[in-house]
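Source file: coords14.txt (compact mmCIF, C-alpha atoms)
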```txt
# COMPACT_ATOMS: atom_id res chain seq x y z
CA MET T 1 127.12 77.82 15.40
CA ASP T 2 130.37 76.22 16.29
CA PRO T 3 130.13 73.79 19.33
CA GLN T 4 133.16 75.41 20.85
CA GLN T 5 131.50 78.79 20.61
CA ARG T 6 128.33 77.40 22.23
CA ARG T 7 130.31 76.10 25.20
CA THR T 8 132.00 79.49 25.60
CA GLU T 9 128.71 81.36 25.68
CA THR T 10 126.95 79.05 28.09
CA GLY T 11 129.91 78.80 30.43
CA PRO T 12 131.59 75.75 31.91
CA ARG T 13 129.30 72.96 33.01
CA PRO T 14 129.69 71.26 36.42
CA PRO T 15 131.36 67.92 36.37
CA VAL T 16 128.98 65.07 35.91
CA GLY T 17 130.51 63.05 38.71
CA GLU T 18 129.80 65.66 41.54
CA PRO T 19 126.37 65.05 43.21
CA GLY T 20 126.40 68.13 45.50
CA GLY T 21 125.09 70.51 42.94
CA ASP T 22 122.25 68.24 41.97
CA VAL T 23 121.14 67.70 45.64
CA THR T 24 121.16 71.44 46.36
CA SER T 25 119.18 72.11 43.27
CA ILE T 26 116.70 69.43 44.25
CA PHE T 27 116.22 70.95 47.77
CA ILE T 28 115.84 74.42 46.38
CA ALA T 29 113.34 73.24 43.84
CA PHE T 30 111.46 71.30 46.54
CA GLY T 31 111.37 74.32 48.82
CA VAL T 32 110.14 76.55 46.04
CA PHE T 33 107.49 73.98 45.20
CA ILE T 34 106.33 73.74 48.79
CA ALA T 35 106.24 77.52 49.14
CA ILE T 36 104.22 77.88 45.96
CA ALA T 37 101.89 75.07 47.02
CA ALA T 38 101.41 76.58 50.51
CA LEU T 39 100.85 80.01 49.03
CA VAL T 40 98.26 78.60 46.65
CA MET T 41 96.56 76.40 49.25
CA SER T 42 96.80 78.68 52.37
CA PRO T 43 98.41 82.11 52.14
CA SER T 44 98.18 82.49 55.95
CA SER T 45 100.74 79.74 56.48
CA LEU T 46 103.39 81.93 54.87
CA VAL T 47 102.42 85.40 56.09
CA HIS T 48 101.34 85.88 59.70
CA GLN T 49 100.46 88.81 61.95
CA VAL T 50 101.77 89.55 65.45
CA PRO T 51 99.07 91.48 67.39
CA GLU T 52 99.80 94.62 69.42
CA GLY T 53 100.96 93.89 72.97
CA HIS T 54 102.59 90.63 71.85
CA VAL T 55 105.86 89.52 70.31
CA GLY T 56 106.38 86.64 67.92
CA ALA T 57 108.33 83.52 68.97
CA TYR T 58 109.44 80.88 66.40
CA TRP T 59 110.33 77.19 66.47
CA ARG T 60 111.95 75.29 63.63
CA GLY T 61 111.93 71.55 63.89
CA GLY T 62 110.95 71.87 67.58
CA ALA T 63 113.94 74.11 68.42
CA LEU T 64 113.30 77.63 69.70
CA LEU T 65 114.82 80.24 67.40
CA ASN T 66 116.58 83.25 68.86
CA ILE T 67 114.26 85.51 66.88
CA ILE T 68 111.67 87.75 68.50
CA THR T 69 109.52 89.85 66.18
CA GLU T 70 107.56 93.01 66.93
CA PRO T 71 103.84 93.49 66.22
CA GLY T 72 102.95 93.59 62.51
CA PHE T 73 103.11 91.31 59.43
CA HIS T 74 105.93 88.81 59.10
CA VAL T 75 106.90 85.90 56.80
CA LYS T 76 107.90 82.38 57.85
CA LEU T 77 108.51 79.07 56.14
CA PRO T 78 105.27 77.10 56.11
CA PHE T 79 105.23 73.59 57.60
CA ILE T 80 108.82 74.10 58.79
CA THR T 81 108.70 77.10 61.14
CA ASN T 82 106.08 77.32 63.86
CA TYR T 83 104.97 80.63 65.35
CA GLU T 84 103.37 81.62 68.65
CA PRO T 85 102.36 85.13 69.87
CA VAL T 86 103.57 85.84 73.41
CA GLN T 87 101.86 88.59 75.42
CA VAL T 88 104.23 91.16 76.97
CA THR T 89 101.62 93.54 78.41
CA LEU T 90 99.69 93.20 81.68
CA GLN T 91 97.61 90.04 81.89
CA THR T 92 95.45 88.53 84.61
CA ASP T 93 95.63 84.83 85.40
CA GLN T 94 92.73 83.41 87.39
CA VAL T 95 93.42 80.41 89.59
CA LYS T 96 90.14 78.78 90.65
CA ASP T 97 89.00 76.26 93.25
CA ILE T 98 92.06 75.96 95.48
CA PRO T 99 91.45 73.60 98.40
CA CYS T 100 93.54 73.83 101.56
CA GLY T 101 93.47 72.66 105.15
CA THR T 102 93.93 75.00 108.08
CA LYS T 103 96.09 74.40 111.11
CA GLY T 104 93.07 73.06 112.99
CA GLY T 105 92.14 70.58 110.23
CA VAL T 106 89.22 72.48 108.68
CA MET T 107 89.06 72.21 104.89
CA ILE T 108 88.33 75.46 103.07
CA THR T 109 88.34 76.40 99.39
CA PHE T 110 89.43 79.62 97.70
CA GLU T 111 87.08 79.99 94.74
CA LYS T 112 89.26 82.43 92.79
CA ILE T 113 92.64 84.10 93.06
CA GLU T 114 93.63 86.65 90.41
CA VAL T 115 97.29 87.28 89.64
CA VAL T 116 98.15 90.36 87.57
CA ASN T 117 101.53 89.75 85.91
CA ARG T 118 103.68 90.72 82.96
CA LEU T 119 106.48 89.08 80.97
CA ARG T 120 109.21 91.55 80.14
CA LYS T 121 110.07 91.71 76.47
CA ASP T 122 113.83 91.34 76.87
CA TYR T 123 113.34 88.07 78.82
CA VAL T 124 110.94 86.37 76.40
CA TYR T 125 113.53 84.12 74.79
CA ASP T 126 115.08 82.94 78.10
CA THR T 127 111.69 82.32 79.69
CA LEU T 128 110.35 80.33 76.73
CA LEU T 129 113.61 78.43 76.44
CA ASN T 130 113.45 77.32 80.09
CA TYR T 131 109.72 76.97 80.75
CA GLY T 132 107.94 77.00 77.38
CA VAL T 133 104.93 78.97 76.23
CA ASP T 134 102.91 77.86 79.27
CA TYR T 135 105.40 79.31 81.73
CA ASP T 136 102.55 80.72 83.83
CA ASN T 137 101.39 77.18 84.67
CA THR T 138 104.64 76.61 86.53
CA TRP T 139 105.17 79.99 88.16
CA ILE T 140 101.62 81.19 88.72
CA TYR T 141 98.99 78.43 88.76
CA ASP T 142 101.02 75.71 90.43
CA LYS T 143 102.85 78.22 92.64
CA ILE T 144 99.56 79.71 93.90
CA HIS T 145 98.33 76.25 94.92
CA HIS T 146 101.55 75.59 96.79
CA GLU T 147 101.70 78.96 98.59
CA ILE T 148 98.02 78.88 99.61
CA ASN T 149 98.42 75.40 101.12
CA GLN T 150 101.57 76.51 102.95
CA PHE T 151 99.77 79.56 104.31
CA CYS T 152 96.66 77.67 105.46
CA SER T 153 98.60 74.86 107.13
CA SER T 154 100.44 77.35 109.37
CA HIS T 155 97.39 79.38 110.43
CA SER T 156 94.07 78.68 112.13
CA LEU T 157 90.68 79.20 110.52
CA GLN T 158 90.11 82.33 112.61
CA GLN T 159 93.33 83.82 111.30
CA VAL T 160 92.80 82.81 107.66
CA TYR T 161 89.14 83.81 107.51
CA ILE T 162 89.17 86.97 109.65
CA ASP T 163 92.28 88.08 111.51
CA ILE T 164 94.94 88.18 108.78
CA PHE T 165 92.82 87.72 105.67
CA ASP T 166 93.73 91.26 104.60
CA GLN T 167 97.41 90.24 104.54
CA ILE T 168 97.04 87.25 102.19
CA ASP T 169 97.21 89.36 99.02
CA GLU T 170 100.52 90.93 99.93
CA ARG T 171 102.01 87.67 101.22
CA MET T 172 101.09 85.80 98.03
CA LYS T 173 102.56 88.58 95.90
CA GLU T 174 105.82 88.57 97.84
CA ALA T 175 106.09 84.78 97.69
CA LEU T 176 105.44 84.60 93.93
CA GLN T 177 107.78 87.48 93.13
CA ALA T 178 110.59 86.04 95.26
CA ASP T 179 110.66 82.75 93.34
CA CYS T 180 110.16 84.43 89.96
CA THR T 181 113.03 86.82 90.65
CA ARG T 182 115.26 83.88 91.54
CA TYR T 183 114.32 81.40 88.79
CA ALA T 184 112.38 83.34 86.12
CA PRO T 185 113.41 87.00 86.34
CA GLY T 186 111.40 87.95 83.26
CA ILE T 187 108.08 87.43 85.10
CA GLU T 188 106.90 90.47 87.07
CA ILE T 189 104.06 90.04 89.61
CA ILE T 190 102.04 93.26 89.78
CA SER T 191 99.33 92.33 92.29
CA VAL T 192 97.36 89.41 93.74
CA ARG T 193 93.66 89.51 94.63
CA VAL T 194 92.34 86.74 96.89
CA THR T 195 88.61 86.21 97.37
CA LYS T 196 87.05 85.15 100.65
CA PRO T 197 87.37 81.37 101.06
CA LYS T 198 84.40 79.03 101.36
CA ILE T 199 84.15 77.39 104.78
CA PRO T 200 81.76 74.77 106.20
CA GLU T 201 78.24 76.03 106.77
CA SER T 202 78.23 75.33 110.51
CA VAL T 203 81.50 77.16 111.00
CA ARG T 204 80.31 80.03 108.83
CA ARG T 205 77.17 80.37 110.94
CA ASN T 206 79.26 80.53 114.09
CA PHE T 207 81.36 83.29 112.55
CA GLU T 208 78.21 85.17 111.57
CA GLN T 209 76.89 84.94 115.13
CA MET T 210 80.23 86.13 116.46
CA GLU T 211 80.12 89.02 114.03
CA GLU T 212 76.58 89.88 115.10
CA GLU T 213 77.59 89.90 118.75
CA ARG T 214 80.63 92.00 117.93
CA THR T 215 78.40 94.38 116.01
CA LYS T 216 76.04 94.65 118.99
CA VAL T 217 78.98 95.41 121.24
CA LEU T 218 80.21 98.05 118.83
CA ILE T 219 76.73 99.56 118.66
CA ALA T 220 76.54 99.67 122.46
CA ILE T 221 79.99 101.26 122.61
CA GLU T 222 78.96 103.83 120.03
CA LYS T 223 75.76 104.61 121.94
CA GLN T 224 77.79 105.08 125.09
CA ARG T 225 80.17 107.38 123.24
CA VAL T 226 77.23 109.36 121.86
CA ALA T 227 75.74 109.67 125.37
CA GLU T 228 79.10 110.77 126.75
CA LYS T 229 79.47 113.29 123.95
CA GLU T 230 75.97 114.63 124.60
CA ALA T 231 76.67 114.93 128.33
CA GLU T 232 79.99 116.61 127.60
CA THR T 233 78.25 118.96 125.18
CA LYS T 234 75.63 119.86 127.78
CA LYS T 235 78.36 120.41 130.35
CA ILE T 236 80.25 122.65 127.98
CA MET T 237 77.07 124.57 127.19
CA ALA T 238 76.29 124.97 130.90
CA ILE T 239 79.81 126.16 131.62
CA SER T 240 79.60 128.53 128.69
CA GLU T 241 76.25 129.89 129.92
CA ALA T 242 77.61 130.32 133.44
CA GLU T 243 80.70 132.06 132.14
CA LYS T 244 78.51 134.31 130.03
CA ASN T 245 76.31 135.19 133.01
CA ALA T 246 79.40 135.77 135.16
CA ASN T 247 80.87 138.02 132.51
CA VAL T 248 77.59 139.94 132.21
CA SER T 249 77.41 140.32 136.01
CA LYS T 250 81.02 141.45 136.08
CA ILE T 251 80.36 144.00 133.37
CA LEU T 252 77.23 145.29 135.17
CA MET T 253 79.15 145.48 138.45
CA GLU T 254 81.97 147.35 136.78
CA GLN T 255 79.43 149.67 135.22
CA LYS T 256 77.81 150.35 138.61
CA LEU T 257 81.23 150.89 140.22
CA THR T 258 82.13 153.25 137.42
CA GLU T 259 78.88 155.16 137.93
CA LYS T 260 79.47 155.30 141.71
CA ASP T 261 83.03 156.45 141.19
CA SER T 262 81.84 159.11 138.76
CA ALA T 263 79.19 160.26 141.28
CA ARG T 264 81.79 160.32 144.04
CA ARG T 265 84.15 162.37 141.92
CA GLU T 266 81.32 164.73 141.02
CA ALA T 267 80.42 165.11 144.74
CA ASP T 268 84.08 165.68 145.60
CA ILE T 269 84.28 168.34 142.93
CA GLU T 270 81.07 170.00 144.22
CA ASN T 271 82.32 169.84 147.83
CA GLN T 272 85.63 171.29 146.82
CA MET T 273 83.87 174.03 144.92
CA TYR T 274 81.64 174.74 147.98
CA LEU T 275 84.66 174.78 150.30
CA ASP T 276 86.54 177.07 147.95
CA ARG T 277 83.50 179.35 147.75
CA GLN T 278 83.03 179.40 151.56
CA LYS T 279 86.72 179.97 152.03
CA SER T 280 86.57 182.85 149.62
CA LEU T 281 83.57 184.30 151.49
CA ALA T 282 85.31 183.83 154.86
CA ASP T 283 88.45 185.45 153.52
CA ALA T 284 86.36 188.31 152.21
CA ASP T 285 84.57 188.72 155.55
CA TYR T 286 87.89 188.53 157.36
CA TYR T 287 89.36 191.11 155.07
CA ARG T 288 86.30 193.34 155.50
CA VAL T 289 86.34 193.03 159.29
CA LEU T 290 90.09 193.60 159.33
CA LYS T 291 89.76 196.66 157.23
CA GLU T 292 86.87 197.96 159.37
CA ALA T 293 88.96 197.36 162.48
CA GLU T 294 91.82 199.24 160.94
CA ALA T 295 89.44 201.99 159.91
CA ASN T 296 87.91 202.13 163.39
CA LYS T 297 91.38 202.19 164.89
CA LEU T 298 92.20 205.14 162.72
CA LYS T 299 88.97 206.82 163.85
CA LEU T 300 89.80 206.52 167.58
CA THR T 301 91.25 210.01 167.92
CA PRO T 302 90.57 212.31 170.89
CA GLU T 303 88.60 214.67 168.74
CA PHE T 304 86.44 211.88 167.24
CA LEU T 305 85.77 210.35 170.66
CA GLU T 306 84.92 213.74 172.09
CA LEU T 307 82.54 214.27 169.16
CA LYS T 308 80.91 210.94 169.73
CA PHE T 309 80.68 211.63 173.47
CA ILE T 310 78.98 214.99 172.87
CA ASP T 311 76.65 213.42 170.34
CA ALA T 312 75.70 210.69 172.76
CA ILE T 313 75.07 213.20 175.57
CA ALA T 314 72.98 215.28 173.24
CA ARG T 315 70.78 212.32 172.27
CA ASN T 316 70.26 211.31 175.90
CA THR T 317 66.72 212.41 176.95
CA LYS T 318 66.88 211.16 180.52
CA MET T 319 67.14 213.67 183.36
CA PHE T 320 68.64 212.87 186.72
CA PHE T 321 67.87 214.77 189.87
CA GLY T 322 69.75 214.68 193.19
CA ASP T 323 72.89 215.74 194.86
CA LYS T 324 75.06 213.10 193.06
CA VAL T 325 74.19 213.90 189.54
CA PRO T 326 77.49 215.70 188.86
CA ASN T 327 79.31 212.49 189.69
CA MET T 328 77.57 210.70 186.89
CA VAL T 329 78.36 213.29 184.23
CA LEU T 330 82.00 213.46 183.46
CA ASP T 331 83.56 216.70 182.68
CA GLN T 332 84.86 217.07 179.14
CA ARG T 333 88.16 218.11 180.49
CA LEU T 334 88.52 214.95 182.46
CA LEU T 335 87.74 212.88 179.29
CA GLY T 336 90.23 214.85 177.27
CA ASN T 337 92.91 214.32 179.86
CA PHE T 338 92.18 210.59 179.84
CA LEU T 339 92.47 210.35 176.10
CA ASN T 340 95.69 212.36 176.11
CA HIS T 341 97.12 210.10 178.76
CA SER T 342 96.19 207.02 176.71
CA THR T 343 97.78 208.44 173.59
CA LYS T 344 101.04 209.12 175.42
CA ASP T 345 101.16 205.61 176.80
CA LYS T 346 100.79 204.13 173.30
CA SER T 347 103.52 206.35 171.93
CA ASN T 348 105.83 205.31 174.72
CA ASP T 349 105.13 201.64 174.00
CA GLY T 350 105.96 202.13 170.31
CA ASN T 351 109.26 203.83 171.14
CA SER T 352 110.24 201.05 173.49
CA GLU T 353 109.48 198.44 170.81
CA ARG T 354 111.61 200.27 168.25
CA ALA T 355 114.39 200.54 170.78
CA THR T 356 114.20 196.83 171.44
CA ASP T 357 114.28 196.04 167.68
CA SER T 358 117.27 198.26 167.16
```
Could I get this file's structure written as structure tokens?
Amino acid sequence: MDPQQRRTETGPRPPVGEPGGDVTSIFIAFGVFIAIAALVMSPSSLVHQVPEGHVGAYWRGGALLNIITEPGFHVKLPFITNYEPVQVTLQTDQVKDIPCGTKGGVMITFEKIEVVNRLRKDYVYDTLLNYGVDYDNTWIYDKIHHEINQFCSSHSLQQVYIDIFDQIDERMKEALQADCTRYAPGIEIISVRVTKPKIPESVRRNFEQMEEERTKVLIAIEKQRVAEKEAETKKIMAISEAEKNANVSKILMEQKLTEKDSARREADIENQMYLDRQKSLADADYYRVLKEAEANKLKLTPEFLELKFIDAIARNTKMFFGDKVPNMVLDQRLLGNFLNHSTKDKSNDGNSERATDS
């Protein structure tokens, strides 16, 4: 083949005097060699896995790369790029054996304080750039020591151990979150759990005795309340029983009054019936007597009286002797004249009354 033709097919060659192409080729070849050697010697140095709940952070030559990977398999340059998994879910940091001195000079120790926190995913790069992978040493462990000592130095043992112990959790949480929000906003403090501190044995015994006495007082108070409740219950029951008896008596009295009133009404009705009956009888007698009087008045005629007079004389069986017997026996003519005279007088009286009315 013609040399000119061979040069045309292979293309133009780089100038011999330019070293750039040779250096690049050397680096590429060296990198390929290292990759092949790492892959042959340790495949895990090339391929790595980011676990669930974490993100991957990378450093190249000691400089943090602005690359955050999600959970799964990823590839990095071995021996050149370093990798660290960073947890972005809830985690609990335990800070142990924290000594502090109270306001009165008593040394106490908090055996364990648990801080539940979380690093937000969108702040991973900034947090690692400013505080490194061990960011929790600065903002949790060291901060807890500082805040606990500040709290103890401003309160007495009585307050720390008993009075405001239930407020320490919330105060520690607020203090940690305030500084994290200001300097490391990616760290979120969820909760803080503080255990009871260890105090000197003599002081602890005094507190136990105080608690026993307080318990005795509370028991006495509760007994007194129970006695008062029992007395109040008995009083209520007595009042209820009295009210029940009073209501029963009232009902019985009302029943008796109702019976008496019914008897009185029945007697009134019977009396009224008796009075009406007697009045009816009296009216009947009066009417009968009145009618008899009217009938007798109608019978008082001269003829009827003369008949009665003759009948009476005829039934008389007594005999009188002497010279004055005729004076005792009236002549019928004299009786008739008397009756006639009486009849005329009555007629004259009736005429005078009619004249007066007219």
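Shortest separation to Gln91 in chain T among T:Ile162, T:Ile189, T:Cys152, T:Val289 occurs at residue T:Ile189, atoms counted being all atoms listed in the file.
You will find CA of Gln278 in chain T at 26.3 Å from CA of Lys260 in chain T.
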Close residues, Lys198 in chain T itself excluded, 10 Å, all atoms listed in the file, min 5 positions apart in chain, as a tab-separated table (two decimals) with C-alpha atoms, keeping the file's coordinate frame:
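Ended up saving to result.tsv:
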```tsv
chain	number	residue	atom	x	y	z
T	97	ASP	CA	89.00	76.26	93.25
T	99	PRO	CA	91.45	73.60	98.40
T	107	MET	CA	89.06	72.21	104.89
T	108	ILE	CA	88.33	75.46	103.07
T	109	THR	CA	88.34	76.40	99.39
T	110	PHE	CA	89.43	79.62	97.70
T	111	GLU	CA	87.08	79.99	94.74
T	161	TYR	CA	89.14	83.81	107.51
T	204	ARG	CA	80.31	80.03	108.83
```
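For the residues T:Glu230, T:Glu222, T:Asp136, T:Asp163, ranking by smallest atom-to-atom distance to Cys180 in chain T using only C-alpha atoms places T:Asp136 first.
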What's around range 124-134 of chain T at 7 Å? Count only C-alpha atoms, leave out sequence neighbours fewer than 2 positions away in its own chain, and write the answer as a ChimeraX atom specification.
/T:64,66,119-122,136-137,184,186
Pairwise distance, CA of Val55 in chain T with CA of Val115 in chain T, equals 21.3 Å
**OP:** Within 10 Å of Thr102 in chain T, counting only C-alpha atoms, which residues show up once you throw out same-chain ones fewer than 5 positions away? Write them as a PyMOL selection string, please.
**Re:** chain T and resi 107-108+149-160
TODO: Could you check which of T:Tyr141, T:Phe309, T:Phe165, T:Tyr135 is closest to Lys112 in chain T, using all atoms listed in the file?
DONE: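 Selected residue with least distance to Lys112 in chain T: T:Tyr141.
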ask   = From the list T:Thr24, T:Asn271, T:Gln177, T:Ser262, which residue is nearest Ile144 in chain T when using only C-alpha atoms?
value =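 The closest residue to Ile144 in chain T is T:Gln177.
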From CA of Thr258 in chain T to CA of Asp276 in chain T the spacing works out at 26.4 Å
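Here the question is which of T:Lys103, T:Tyr123, T:Ile98, T:Arg193 gets nearest to Glu147 in chain T using all atoms listed in the file, and that residue is T:Ile98.
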Subject >> Selected residue of minimal separation from Pro78 in chain T among T:Leu46, T:Cys100, T:Ala246, T:Ala57, counting only C-alpha atoms >> reply: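 Using only C-alpha atoms, Pro78 in chain T sits closest to T:Leu46.
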Long-range neighbours of Lys76 in chain T as a JSON list (two decimals) with C-alpha atoms, keeping the file's coordinate frame, 8 Å cut-off, only C-alpha atoms, 2 positions minimum in chain:
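Output saved as out-v8.json:
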```json
[["chain", "number", "residue", "atom", "x", "y", "z"],
["T", 45, "SER", "CA", 100.74, 79.74, 56.48],
["T", 46, "LEU", "CA", 103.39, 81.93, 54.87],
["T", 47, "VAL", "CA", 102.42, 85.40, 56.09],
["T", 48, "HIS", "CA", 101.34, 85.88, 59.70],
["T", 74, "HIS", "CA", 105.93, 88.81, 59.10],
["T", 78, "PRO", "CA", 105.27, 77.10, 56.11],
["T", 81, "THR", "CA", 108.70, 77.10, 61.14]]
```
